[in-house]
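File shown here: run.tsv, holding TSV, C-alpha atoms (C1' of nucleotides).
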```
chain	number	residue	atom	x	y	z
A	93	MET	CA	-49.38	-73.30	-9.39
A	94	SER	CA	-53.05	-72.77	-8.63
A	95	ILE	CA	-53.79	-70.56	-5.66
A	96	GLU	CA	-55.96	-73.17	-4.06
A	97	LYS	CA	-53.04	-75.56	-3.87
A	98	ASP	CA	-50.45	-72.99	-3.00
A	99	ILE	CA	-52.33	-71.58	-0.07
A	100	LYS	CA	-54.04	-74.91	0.68
A	101	GLN	CA	-57.50	-73.50	0.52
A	102	ALA	CA	-60.12	-75.82	-0.86
A	103	SER	CA	-62.55	-73.18	-2.00
A	104	PHE	CA	-63.46	-69.54	-1.69
A	105	LYS	CA	-66.59	-68.02	-0.31
A	106	SER	CA	-67.34	-66.14	-3.49
A	107	ALA	CA	-65.98	-65.42	-6.93
A	108	HIS	CA	-65.17	-61.93	-5.74
A	109	ALA	CA	-63.22	-63.13	-2.74
A	110	LYS	CA	-61.27	-65.48	-4.97
A	111	ALA	CA	-60.48	-62.77	-7.48
A	112	MET	CA	-59.30	-60.49	-4.72
A	113	VAL	CA	-56.96	-63.07	-3.26
A	114	ASN	CA	-55.77	-63.90	-6.74
A	115	ILE	CA	-54.79	-60.29	-7.40
A	116	VAL	CA	-52.71	-60.14	-4.23
A	117	TYR	CA	-51.22	-63.55	-4.97
A	118	THR	CA	-50.36	-62.69	-8.55
A	119	ASN	CA	-48.88	-59.38	-7.49
A	120	ASN	CA	-46.59	-61.21	-5.06
A	121	TRP	CA	-45.67	-63.63	-7.78
A	122	LEU	CA	-44.86	-60.82	-10.19
A	123	THR	CA	-42.86	-58.70	-7.81
A	124	THR	CA	-40.90	-61.63	-6.40
A	125	LEU	CA	-39.84	-62.66	-9.89
A	126	GLN	CA	-38.95	-59.10	-10.78
A	127	MET	CA	-36.91	-58.61	-7.66
A	128	GLU	CA	-34.84	-61.64	-8.55
A	129	VAL	CA	-34.10	-60.10	-11.92
A	130	PHE	CA	-32.88	-56.86	-10.38
A	131	LYS	CA	-31.04	-58.25	-7.41
A	132	PRO	CA	-27.79	-58.99	-9.26
A	133	PHE	CA	-27.73	-55.30	-10.18
A	134	ASP	CA	-28.26	-54.22	-6.58
A	135	LEU	CA	-31.39	-52.38	-7.56
A	136	THR	CA	-34.74	-52.54	-5.82
A	137	LEU	CA	-37.99	-52.57	-7.76
A	138	GLN	CA	-38.81	-49.08	-6.57
A	139	GLN	CA	-35.44	-47.75	-7.62
A	140	TYR	CA	-35.92	-49.35	-11.01
A	141	ASN	CA	-39.29	-47.73	-11.40
A	142	VAL	CA	-37.90	-44.32	-10.52
A	143	LEU	CA	-35.15	-44.78	-13.09
A	144	ARG	CA	-37.74	-45.64	-15.71
A	145	ILE	CA	-39.73	-42.55	-14.90
A	146	LEU	CA	-36.59	-40.45	-15.25
A	147	ARG	CA	-35.77	-42.05	-18.57
A	148	GLY	CA	-39.30	-41.39	-19.70
A	149	HIS	CA	-38.56	-37.68	-19.36
A	150	TYR	CA	-35.01	-37.67	-20.51
A	151	PRO	CA	-33.38	-35.36	-21.47
A	152	GLU	CA	-35.72	-33.19	-19.42
A	153	PRO	CA	-35.29	-33.39	-15.66
A	154	ILE	CA	-38.21	-33.95	-13.34
A	155	THR	CA	-38.89	-32.83	-9.78
A	156	VAL	CA	-39.37	-35.16	-6.83
A	157	ILE	CA	-43.07	-34.38	-6.89
A	158	GLY	CA	-43.16	-35.25	-10.56
A	159	ILE	CA	-41.67	-38.63	-9.71
A	160	ILE	CA	-44.18	-39.26	-6.95
A	161	GLU	CA	-47.06	-38.45	-9.29
A	162	ARG	CA	-45.85	-41.08	-11.68
A	163	MET	CA	-45.13	-43.77	-9.14
A	164	LEU	CA	-47.49	-46.64	-8.51
A	165	ASP	CA	-46.94	-46.47	-4.81
A	166	LYS	CA	-47.48	-42.86	-3.80
A	167	MET	CA	-46.59	-43.55	-0.20
A	168	SER	CA	-43.03	-44.53	-0.74
A	169	ASN	CA	-40.43	-41.93	-0.03
A	170	ALA	CA	-39.24	-40.65	-3.37
A	171	SER	CA	-36.73	-38.38	-1.72
A	172	ARG	CA	-34.92	-41.33	-0.19
A	173	LEU	CA	-35.14	-43.40	-3.34
A	174	VAL	CA	-33.41	-40.58	-5.16
A	175	ASP	CA	-30.77	-40.55	-2.41
A	176	LYS	CA	-30.01	-44.18	-3.07
A	177	LEU	CA	-29.78	-43.62	-6.80
A	178	LEU	CA	-27.51	-40.66	-6.20
A	179	LEU	CA	-25.11	-42.82	-4.21
A	180	LYS	CA	-24.98	-45.18	-7.17
A	181	GLU	CA	-24.43	-42.23	-9.49
A	182	MET	CA	-27.48	-43.16	-11.51
A	183	VAL	CA	-28.97	-39.69	-11.17
A	184	VAL	CA	-27.91	-36.12	-10.52
A	185	ARG	CA	-29.77	-33.59	-8.43
A	186	ARG	CA	-29.83	-29.87	-9.03
A	187	GLU	CA	-31.81	-26.87	-7.96
A	188	CYS	CA	-34.87	-26.17	-10.03
A	189	PRO	CA	-34.50	-22.74	-11.65
A	190	ASN	CA	-38.20	-21.85	-11.54
A	191	ASP	CA	-38.79	-22.86	-7.96
A	192	ARG	CA	-36.08	-22.96	-5.38
A	193	ARG	CA	-38.08	-25.31	-3.18
A	194	ALA	CA	-38.06	-27.95	-5.86
A	195	VAL	CA	-35.18	-30.10	-7.00
A	196	ASP	CA	-34.65	-31.29	-10.53
A	197	ILE	CA	-33.58	-34.88	-10.93
A	198	LEU	CA	-31.93	-36.14	-14.08
A	199	ILE	CA	-30.84	-39.63	-15.02
A	200	THR	CA	-27.15	-39.99	-15.84
A	201	GLN	CA	-25.55	-41.87	-18.69
A	202	LYS	CA	-24.62	-44.55	-16.19
A	203	GLY	CA	-28.30	-44.84	-15.29
A	204	LEU	CA	-29.34	-44.98	-18.92
A	205	ASP	CA	-26.78	-47.69	-19.60
A	206	LEU	CA	-28.02	-49.76	-16.71
A	207	LEU	CA	-31.60	-49.47	-17.93
A	208	ALA	CA	-30.56	-50.47	-21.42
A	209	GLU	CA	-28.96	-53.57	-19.98
A	210	LEU	CA	-32.06	-54.31	-17.93
A	211	ASP	CA	-34.35	-53.80	-20.93
A	212	VAL	CA	-33.04	-57.01	-22.41
A	213	LEU	CA	-33.74	-58.97	-19.23
A	214	GLN	CA	-37.08	-57.27	-18.81
A	215	LYS	CA	-38.15	-58.24	-22.28
A	216	GLN	CA	-37.21	-61.84	-21.67
A	217	TRP	CA	-38.98	-61.70	-18.39
A	218	GLU	CA	-42.18	-60.32	-19.84
A	219	LYS	CA	-42.44	-63.46	-21.91
A	220	GLN	CA	-43.55	-65.13	-18.69
A	221	MET	CA	-46.78	-63.29	-19.26
A	222	TYR	CA	-47.26	-64.56	-22.72
A	223	GLY	CA	-49.44	-67.34	-21.48
A	224	LEU	CA	-51.98	-64.61	-22.21
A	225	THR	CA	-52.81	-63.53	-25.71
A	226	GLU	CA	-52.89	-59.86	-26.58
A	227	SER	CA	-56.65	-59.68	-26.30
A	228	GLU	CA	-56.68	-61.56	-23.02
A	229	ALA	CA	-54.17	-59.10	-21.59
A	230	LEU	CA	-56.44	-56.24	-22.62
A	231	GLN	CA	-59.42	-58.00	-21.13
A	232	LEU	CA	-57.58	-58.54	-17.86
A	233	SER	CA	-56.67	-54.89	-17.71
A	234	ASP	CA	-60.27	-53.86	-18.40
A	235	LEU	CA	-61.58	-56.13	-15.67
A	236	LEU	CA	-59.16	-54.63	-13.19
A	237	ASP	CA	-60.27	-51.14	-14.19
A	238	LYS	CA	-63.86	-52.16	-13.71
A	239	LEU	CA	-63.11	-53.69	-10.34
A	240	ARG	CA	-61.81	-50.38	-9.08
A	241	GLN	CA	-64.93	-48.53	-10.17
A	242	SER	CA	-67.47	-48.24	-7.42
A	243	PRO	CA	-70.67	-49.92	-8.42
A	244	PRO	CA	-73.35	-47.42	-9.39
A	245	GLU	CA	-75.61	-46.57	-6.47
A	246	SER	CA	-78.99	-48.02	-7.29
A	247	GLU	CA	-81.52	-45.24	-6.80
A	248	GLN	CA	-84.23	-47.76	-6.25
A	249	GLN	CA	-83.62	-51.00	-4.47
A	250	LYS	CA	-84.40	-53.87	-6.76
A	251	LYS	CA	-85.91	-57.04	-5.36
B	153	MET	CA	-59.26	-43.38	-11.53
B	154	SER	CA	-57.70	-44.80	-14.66
B	155	ILE	CA	-54.10	-45.83	-14.31
B	156	GLU	CA	-53.05	-43.73	-17.24
B	157	LYS	CA	-54.23	-40.60	-15.48
B	158	ASP	CA	-53.08	-41.61	-12.06
B	159	ILE	CA	-49.54	-42.34	-13.08
B	160	LYS	CA	-49.61	-39.79	-15.90
B	161	GLN	CA	-48.61	-42.24	-18.54
B	162	ALA	CA	-50.12	-41.61	-21.95
B	163	SER	CA	-49.86	-45.17	-23.19
B	164	PHE	CA	-48.21	-48.50	-22.59
B	165	LYS	CA	-45.81	-50.33	-24.80
B	166	SER	CA	-47.96	-53.42	-24.94
B	167	ALA	CA	-51.17	-54.88	-23.62
B	168	HIS	CA	-49.07	-57.16	-21.47
B	169	ALA	CA	-47.10	-54.32	-19.95
B	170	LYS	CA	-50.31	-52.50	-19.19
B	171	ALA	CA	-51.89	-55.54	-17.58
B	172	MET	CA	-48.81	-56.04	-15.45
B	173	VAL	CA	-48.82	-52.48	-14.20
B	174	ASN	CA	-52.53	-52.70	-13.62
B	175	ILE	CA	-52.11	-55.72	-11.38
B	176	VAL	CA	-49.57	-53.93	-9.22
B	177	TYR	CA	-51.67	-50.80	-9.21
B	178	THR	CA	-54.86	-52.62	-8.29
B	179	ASN	CA	-53.07	-54.56	-5.60
B	180	ASN	CA	-51.91	-51.29	-4.04
B	181	TRP	CA	-55.41	-49.95	-4.28
B	182	LEU	CA	-56.85	-53.03	-2.62
B	183	THR	CA	-54.35	-53.28	0.18
B	184	THR	CA	-54.44	-49.56	0.96
B	185	LEU	CA	-58.20	-49.67	1.33
B	186	GLN	CA	-58.02	-52.80	3.45
B	187	MET	CA	-55.38	-51.34	5.71
B	188	GLU	CA	-57.66	-48.40	6.42
B	189	VAL	CA	-60.38	-50.79	7.47
B	190	PHE	CA	-58.11	-52.58	9.92
B	191	LYS	CA	-56.20	-49.63	11.29
B	192	PRO	CA	-58.82	-48.66	13.90
B	193	PHE	CA	-58.42	-52.17	15.30
B	194	ASP	CA	-54.66	-51.85	15.45
B	195	LEU	CA	-54.28	-54.85	13.19
B	196	THR	CA	-52.08	-55.13	10.13
B	197	LEU	CA	-53.21	-56.94	7.00
B	198	GLN	CA	-50.76	-59.73	7.65
B	199	GLN	CA	-51.95	-60.18	11.20
B	200	TYR	CA	-55.52	-60.29	9.95
B	201	ASN	CA	-54.63	-62.93	7.42
B	202	VAL	CA	-52.94	-65.06	10.06
B	203	LEU	CA	-56.01	-64.78	12.27
B	204	ARG	CA	-58.20	-65.90	9.39
B	205	ILE	CA	-55.99	-68.89	8.78
B	206	LEU	CA	-56.22	-69.80	12.44
B	207	ARG	CA	-59.98	-69.46	12.39
B	208	GLY	CA	-60.09	-71.64	9.28
B	209	HIS	CA	-58.65	-74.44	11.39
B	210	TYR	CA	-60.42	-73.75	14.61
B	211	PRO	CA	-60.83	-75.58	16.94
B	212	GLU	CA	-57.74	-77.42	15.72
B	213	PRO	CA	-54.45	-75.64	16.28
B	214	ILE	CA	-51.93	-75.20	13.53
B	215	THR	CA	-48.14	-74.98	13.55
B	216	VAL	CA	-46.13	-71.97	12.41
B	217	ILE	CA	-45.16	-73.87	9.29
B	218	GLY	CA	-48.80	-74.60	8.65
B	219	ILE	CA	-49.48	-70.88	8.79
B	220	ILE	CA	-46.65	-70.06	6.40
B	221	GLU	CA	-47.95	-72.62	3.90
B	222	ARG	CA	-51.31	-70.90	3.88
B	223	MET	CA	-50.03	-67.36	3.69
B	224	LEU	CA	-49.99	-65.43	0.46
B	225	ASP	CA	-46.63	-63.96	1.24
B	226	LYS	CA	-44.38	-66.84	2.13
B	227	MET	CA	-41.46	-64.59	2.92
B	228	SER	CA	-42.98	-62.77	5.83
B	229	ASN	CA	-41.97	-63.82	9.27
B	230	ALA	CA	-44.83	-65.86	10.65
B	231	SER	CA	-43.04	-66.35	13.93
B	232	ARG	CA	-43.01	-62.63	14.61
B	233	LEU	CA	-46.56	-62.14	13.39
B	234	VAL	CA	-47.64	-64.71	15.95
B	235	ASP	CA	-45.64	-62.80	18.57
B	236	LYS	CA	-47.63	-59.69	17.85
B	237	LEU	CA	-50.91	-61.56	18.04
B	238	LEU	CA	-49.82	-63.14	21.30
B	239	LEU	CA	-49.23	-59.71	22.82
B	240	LYS	CA	-52.77	-58.80	21.86
B	241	GLU	CA	-54.01	-62.09	23.34
B	242	MET	CA	-55.56	-63.06	20.05
B	243	VAL	CA	-53.76	-66.42	20.01
B	244	VAL	CA	-52.15	-68.88	22.38
B	245	ARG	CA	-49.00	-70.82	21.75
B	246	ARG	CA	-48.26	-74.31	23.04
B	247	GLU	CA	-45.85	-77.08	22.42
B	248	CYS	CA	-46.88	-79.50	19.73
B	249	PRO	CA	-47.26	-82.98	21.29
B	250	ASN	CA	-46.05	-84.91	18.21
B	251	ASP	CA	-43.00	-82.82	17.52
B	252	ARG	CA	-41.25	-80.84	20.18
B	253	ARG	CA	-39.65	-78.57	17.59
B	254	ALA	CA	-43.02	-77.36	16.42
B	255	VAL	CA	-45.40	-75.03	18.19
B	256	ASP	CA	-49.16	-75.22	17.99
B	257	ILE	CA	-50.97	-71.94	17.58
B	258	LEU	CA	-54.62	-71.55	18.45
B	259	ILE	CA	-56.89	-68.57	18.06
B	260	THR	CA	-58.51	-67.37	21.28
B	261	GLN	CA	-62.10	-66.36	21.87
B	262	LYS	CA	-60.91	-62.76	21.86
B	263	GLY	CA	-59.43	-63.35	18.42
B	264	LEU	CA	-62.61	-65.00	17.17
B	265	ASP	CA	-64.68	-62.11	18.48
B	266	LEU	CA	-62.48	-59.59	16.72
B	267	LEU	CA	-62.77	-61.49	13.45
B	268	ALA	CA	-66.53	-61.66	13.81
B	269	GLU	CA	-66.60	-57.90	14.20
B	270	LEU	CA	-64.33	-57.47	11.19
B	271	ASP	CA	-66.46	-59.84	9.10
B	272	VAL	CA	-69.18	-57.21	9.00
B	273	LEU	CA	-66.80	-54.53	7.79
B	274	GLN	CA	-65.15	-56.89	5.38
B	275	LYS	CA	-68.47	-57.76	3.83
B	276	GLN	CA	-69.31	-54.10	3.36
B	277	TRP	CA	-65.90	-53.54	1.98
B	278	GLU	CA	-66.12	-56.35	-0.55
B	279	LYS	CA	-69.03	-54.50	-2.10
B	280	GLN	CA	-66.42	-52.20	-3.56
B	281	MET	CA	-65.66	-55.06	-5.88
B	282	TYR	CA	-69.19	-55.44	-7.02
B	283	GLY	CA	-68.51	-53.29	-10.03
B	284	LEU	CA	-67.76	-56.78	-11.34
B	285	THR	CA	-70.45	-59.34	-11.91
B	286	GLU	CA	-70.02	-62.85	-10.62
B	287	SER	CA	-68.95	-64.15	-13.99
B	288	GLU	CA	-66.54	-61.28	-14.55
B	289	ALA	CA	-64.92	-62.01	-11.19
B	290	LEU	CA	-64.44	-65.63	-12.25
B	291	GLN	CA	-63.07	-64.54	-15.59
B	292	LEU	CA	-60.62	-62.20	-13.89
B	293	SER	CA	-59.41	-64.97	-11.64
B	294	ASP	CA	-58.99	-67.32	-14.60
B	295	LEU	CA	-56.99	-64.75	-16.53
B	296	LEU	CA	-54.68	-64.28	-13.56
B	297	ASP	CA	-54.21	-68.05	-13.32
B	298	LYS	CA	-53.40	-68.17	-16.99
B	299	LEU	CA	-50.96	-65.30	-16.67
B	300	ARG	CA	-48.94	-67.23	-14.13
B	301	GLN	CA	-48.68	-70.27	-16.36
B	302	SER	CA	-45.54	-70.32	-18.40
B	303	PRO	CA	-46.34	-70.33	-22.08
B	304	PRO	CA	-45.82	-73.75	-23.63
B	305	GLU	CA	-42.33	-74.08	-25.10
B	306	SER	CA	-42.71	-74.31	-28.85
B	307	GLU	CA	-40.71	-77.33	-29.97
B	308	GLN	CA	-40.30	-75.89	-33.40
B	309	GLN	CA	-39.76	-72.22	-33.98
B	310	LYS	CA	-42.51	-70.84	-36.11
B	311	LYS	CA	-41.78	-68.12	-38.63
C	101	DT	C1'	-25.90	-95.80	17.88
C	102	DA	C1'	-22.95	-92.14	16.43
C	103	DA	C1'	-22.38	-88.80	12.86
C	104	DC	C1'	-24.49	-86.13	9.73
C	105	DA	C1'	-28.38	-83.92	7.49
C	106	DT	C1'	-32.79	-81.87	7.78
C	107	DT	C1'	-36.64	-79.51	9.85
C	108	DA	C1'	-39.17	-76.06	12.89
C	109	DA	C1'	-39.03	-71.97	15.10
C	110	DA	C1'	-36.78	-68.08	17.03
C	111	DT	C1'	-33.58	-64.45	16.84
C	112	DG	C1'	-30.20	-60.89	14.85
C	113	DT	C1'	-29.35	-57.44	11.58
C	114	DT	C1'	-29.88	-54.37	7.85
C	115	DT	C1'	-32.87	-52.13	4.83
C	116	DT	C1'	-37.24	-50.39	3.66
C	117	DT	C1'	-41.77	-48.61	4.66
C	118	DA	C1'	-45.18	-45.69	6.76
C	119	DC	C1'	-46.04	-41.78	8.77
C	120	DA	C1'	-45.13	-37.40	11.24
C	121	DT	C1'	-42.46	-33.40	11.56
C	122	DT	C1'	-39.51	-29.80	9.99
C	123	DA	C1'	-37.57	-26.13	7.10
C	124	DA	C1'	-37.44	-23.31	3.36
C	125	DA	C1'	-39.70	-21.17	-0.62
C	126	DT	C1'	-43.70	-19.69	-2.77
C	127	DT	C1'	-48.54	-18.37	-3.09
C	128	DT	C1'	-52.67	-16.17	-1.42
C	129	DG	C1'	-55.49	-12.89	0.80
C	130	DT	C1'	-56.06	-8.55	2.78
D	188	DA	C1'	-46.24	-5.48	1.41
D	189	DC	C1'	-47.11	-8.49	5.14
D	190	DA	C1'	-49.13	-12.42	7.58
D	191	DA	C1'	-50.98	-16.73	6.95
D	192	DA	C1'	-51.45	-20.74	4.21
D	193	DT	C1'	-49.62	-23.89	1.06
D	194	DT	C1'	-46.16	-26.37	-1.41
D	195	DT	C1'	-41.72	-28.95	-1.94
D	196	DA	C1'	-38.38	-31.68	-0.20
D	197	DA	C1'	-35.77	-33.58	3.54
D	198	DT	C1'	-35.41	-35.72	7.89
D	199	DG	C1'	-36.75	-38.36	12.29
D	200	DT	C1'	-38.69	-42.38	14.04
D	201	DA	C1'	-41.08	-46.62	14.85
D	202	DA	C1'	-42.54	-50.57	12.72
D	203	DA	C1'	-42.14	-54.07	9.33
D	204	DA	C1'	-39.85	-56.73	5.70
D	205	DA	C1'	-35.99	-59.27	3.89
D	206	DC	C1'	-32.65	-62.24	4.73
D	207	DA	C1'	-29.11	-64.83	7.33
D	208	DT	C1'	-27.94	-67.29	11.37
D	209	DT	C1'	-28.80	-70.01	15.45
D	210	DT	C1'	-30.78	-73.56	18.44
D	211	DA	C1'	-33.10	-77.55	19.42
D	212	DA	C1'	-35.45	-81.64	17.81
D	213	DT	C1'	-36.02	-85.14	14.58
D	214	DG	C1'	-34.61	-88.18	10.59
D	215	DT	C1'	-31.30	-90.76	8.03
D	216	DT	C1'	-27.64	-93.79	7.27
D	217	DA	C1'	-23.31	-96.08	7.71
```
How does the structure come out when it is put into structure tokens?
Amino acid sequence: MSIEKDIKQASFKSAHAKAMVNIVYTNNWLTTLQMEVFKPFDLTLQQYNVLRILRGHYPEPITVIGIIERMLDKMSNASRLVDKLLLKEMVVRRECPNDRRAVDILITQKGLDLLAELDVLQKQWEKQMYGLTESEALQLSDLLDKLRQSPPESEQQKK
Amino acid sequence: MSIEKDIKQASFKSAHAKAMVNIVYTNNWLTTLQMEVFKPFDLTLQQYNVLRILRGHYPEPITVIGIIERMLDKMSNASRLVDKLLLKEMVVRRECPNDRRAVDILITQKGLDLLAELDVLQKQWEKQMYGLTESEALQLSDLLDKLRQSPPESEQQKK
DNA sequence: TAACATTAAATGTTTTTACATTAAATTTGT
DNA sequence: ACAAATTTAATGTAAAAACATTTAATGTTA
């Protein structure tokens, strides 16, 4: 559905305002759909992302800080996410040999199996995005990158 | 910062996967920045958005359902958001004459004044997006719209 | 009109988030 | 080597989100 209809707004003040709202709207759309995929597995999106990070390093473990560095949302509490995954026996925790402050986290076979199962669903799910061609997806990504760049400070004010 | 560096991922499996991550990442970036703007005013993003919806209808009131329909995040509890705004005297609540189940919500002068003050900051803030030209902003919005469209079902499987 | 279904809003409850604080280990500077 | 600073992870806490349930009003239909 178009944003205008969905949020009943006839028009936006500017192209930039519209793009901004559209990013938030699309993000909600994406995460809501994803959550539905993971719900039957009693896994939150964040937990899923942590598992993927752990698999990305498997068979090497990774510290909690390492997880945080790789997470999209740096604010979320990785320590507690790992707790939840521990309860589900998706990960194991052990003291890091080099640094006794740190804790090494490793994904278990059970965790790997779950991810493998989810890969199938995830692949199907990603097809939702295939309204975009490959080059359009790249273009979208580039525009988002550019959006996050601060505009260059103009040394001389142009009329 | 580029996503690759920020989440320490060397590459993505596909352009689509990258675009998807980039949307989530950019959304976090946007909302974090916005939250910082509103924090000194003791206002959450959601509360701000509700106030803007109310201003959009001013001087007409709008019901709680009307607010929900216009919100980006339909799941959030509009009733409680209105509670919070009531405590801050940014809105008033009164029985809807046509339907005694419904409740009309109206933004107060205090609420309008706050929004006016925030408009200035918001405008400054939107400049962050002006790394994009007008036409790029439109293009970005169009790509997001297209992303949310399901791809047309091919009636006949192509080899 | 009585019985049932639906709608609008509020409330209850559990989980998650955001943020501050703590505790232990390590690093740095002198 | 010792004190101070920093780093790593865990924990405490208040607020917010997610989701179900409740209550009252309205609509529907037999």
(message) With all atoms listed in the file as the counted atoms, please give the residues lying no more than 10 Å from DT209 in chain D, apart from itself and same-chain residues fewer than 5 positions off, as a PyMOL selection string.
(response) chain C and resi 110-112
How close does chain B get to chain A? List, as CSV, each residue of chain B within 7 Å, its nearest atom pair and the distance in Å to one decimal, counting only C-alpha atoms.
```
residue,atom,partner,partner_atom,distance
B:Ser154,CA,A:Asp237,CA,6.9
B:Ile159,CA,A:Arg162,CA,4.1
B:Lys160,CA,A:Arg162,CA,5.8
B:Ala167,CA,A:Leu230,CA,5.5
B:His168,CA,A:Ala229,CA,5.5
B:Lys170,CA,A:Ser233,CA,7.0
B:Ala171,CA,A:Ser233,CA,4.8
B:Asn174,CA,A:Ser233,CA,6.2
B:Ile175,CA,A:Asn119,CA,6.2
B:Val176,CA,A:Asn119,CA,5.8
B:Tyr177,CA,A:Leu164,CA,5.9
B:Thr178,CA,A:Leu236,CA,6.8
B:Asn179,CA,A:Val116,CA,5.8
B:Asn180,CA,A:Asp165,CA,7.0
B:Glu221,CA,A:Ile99,CA,6.0
B:Arg222,CA,A:Ile99,CA,4.1
B:Met223,CA,A:Ile99,CA,6.1
B:Leu224,CA,A:Tyr117,CA,5.9
B:Asp225,CA,A:Asn120,CA,6.9
B:Gln280,CA,A:Ser242,CA,5.6
B:Met281,CA,A:Leu239,CA,5.3
B:Tyr282,CA,A:Pro243,CA,5.9
B:Gly283,CA,A:Pro243,CA,4.3
B:Leu284,CA,A:Leu239,CA,5.7
B:Glu286,CA,A:Ala107,CA,6.0
B:Ala289,CA,A:His108,CA,5.5
B:Leu290,CA,A:Ala107,CA,5.5
B:Leu292,CA,A:Leu232,CA,6.2
B:Ser293,CA,A:Ala111,CA,4.8
B:Leu295,CA,A:Leu232,CA,6.4
B:Leu296,CA,A:Thr118,CA,6.8
B:Asp297,CA,A:Ser94,CA,6.8
B:Lys298,CA,A:Gly223,CA,6.0
B:Leu299,CA,A:Met221,CA,5.3
B:Arg300,CA,A:Met221,CA,6.8
B:Gln301,CA,A:Gly223,CA,5.9
B:Ser302,CA,A:Gln220,CA,5.6
B:Pro303,CA,A:Gly223,CA,4.3
```
(message) Can you work out which residues from chain C touch chain B at a cut-off of 9 Å (counting only C-alpha atoms (C1' of nucleotides)) and hand them back as a PyMOL selection string?
(response) chain C and resi 107-110
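Note that the spacing between CA of Met242 in chain B and CA of Lys262 in chain B amounts to 5.7 Å.
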(message) Which residues are close to Val174 in chain A, i.e. within 10 Å by only C-alpha atoms (C1' of nucleotides), leaving aside same-chain residues fewer than 5 positions away? Reply as a PyMOL selection string.
(response) chain A and resi 139+142-143+156+159+169+179-180+182-185+197
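Among the candidates D:DA205, D:DT200, D:DA211, D:DA188, the one nearest to DT116 in chain C when counting all atoms listed in the file is D:DA205.
For the choices D:DA212, D:DA197, D:DA203, D:DA217, the atom-to-atom distance to chain A is smallest for D:DA197 when using all atoms listed in the file.
In this model, the gap between CA of Leu204 in chain A and C1' of DA204 in chain D comes to 29.2 Å.
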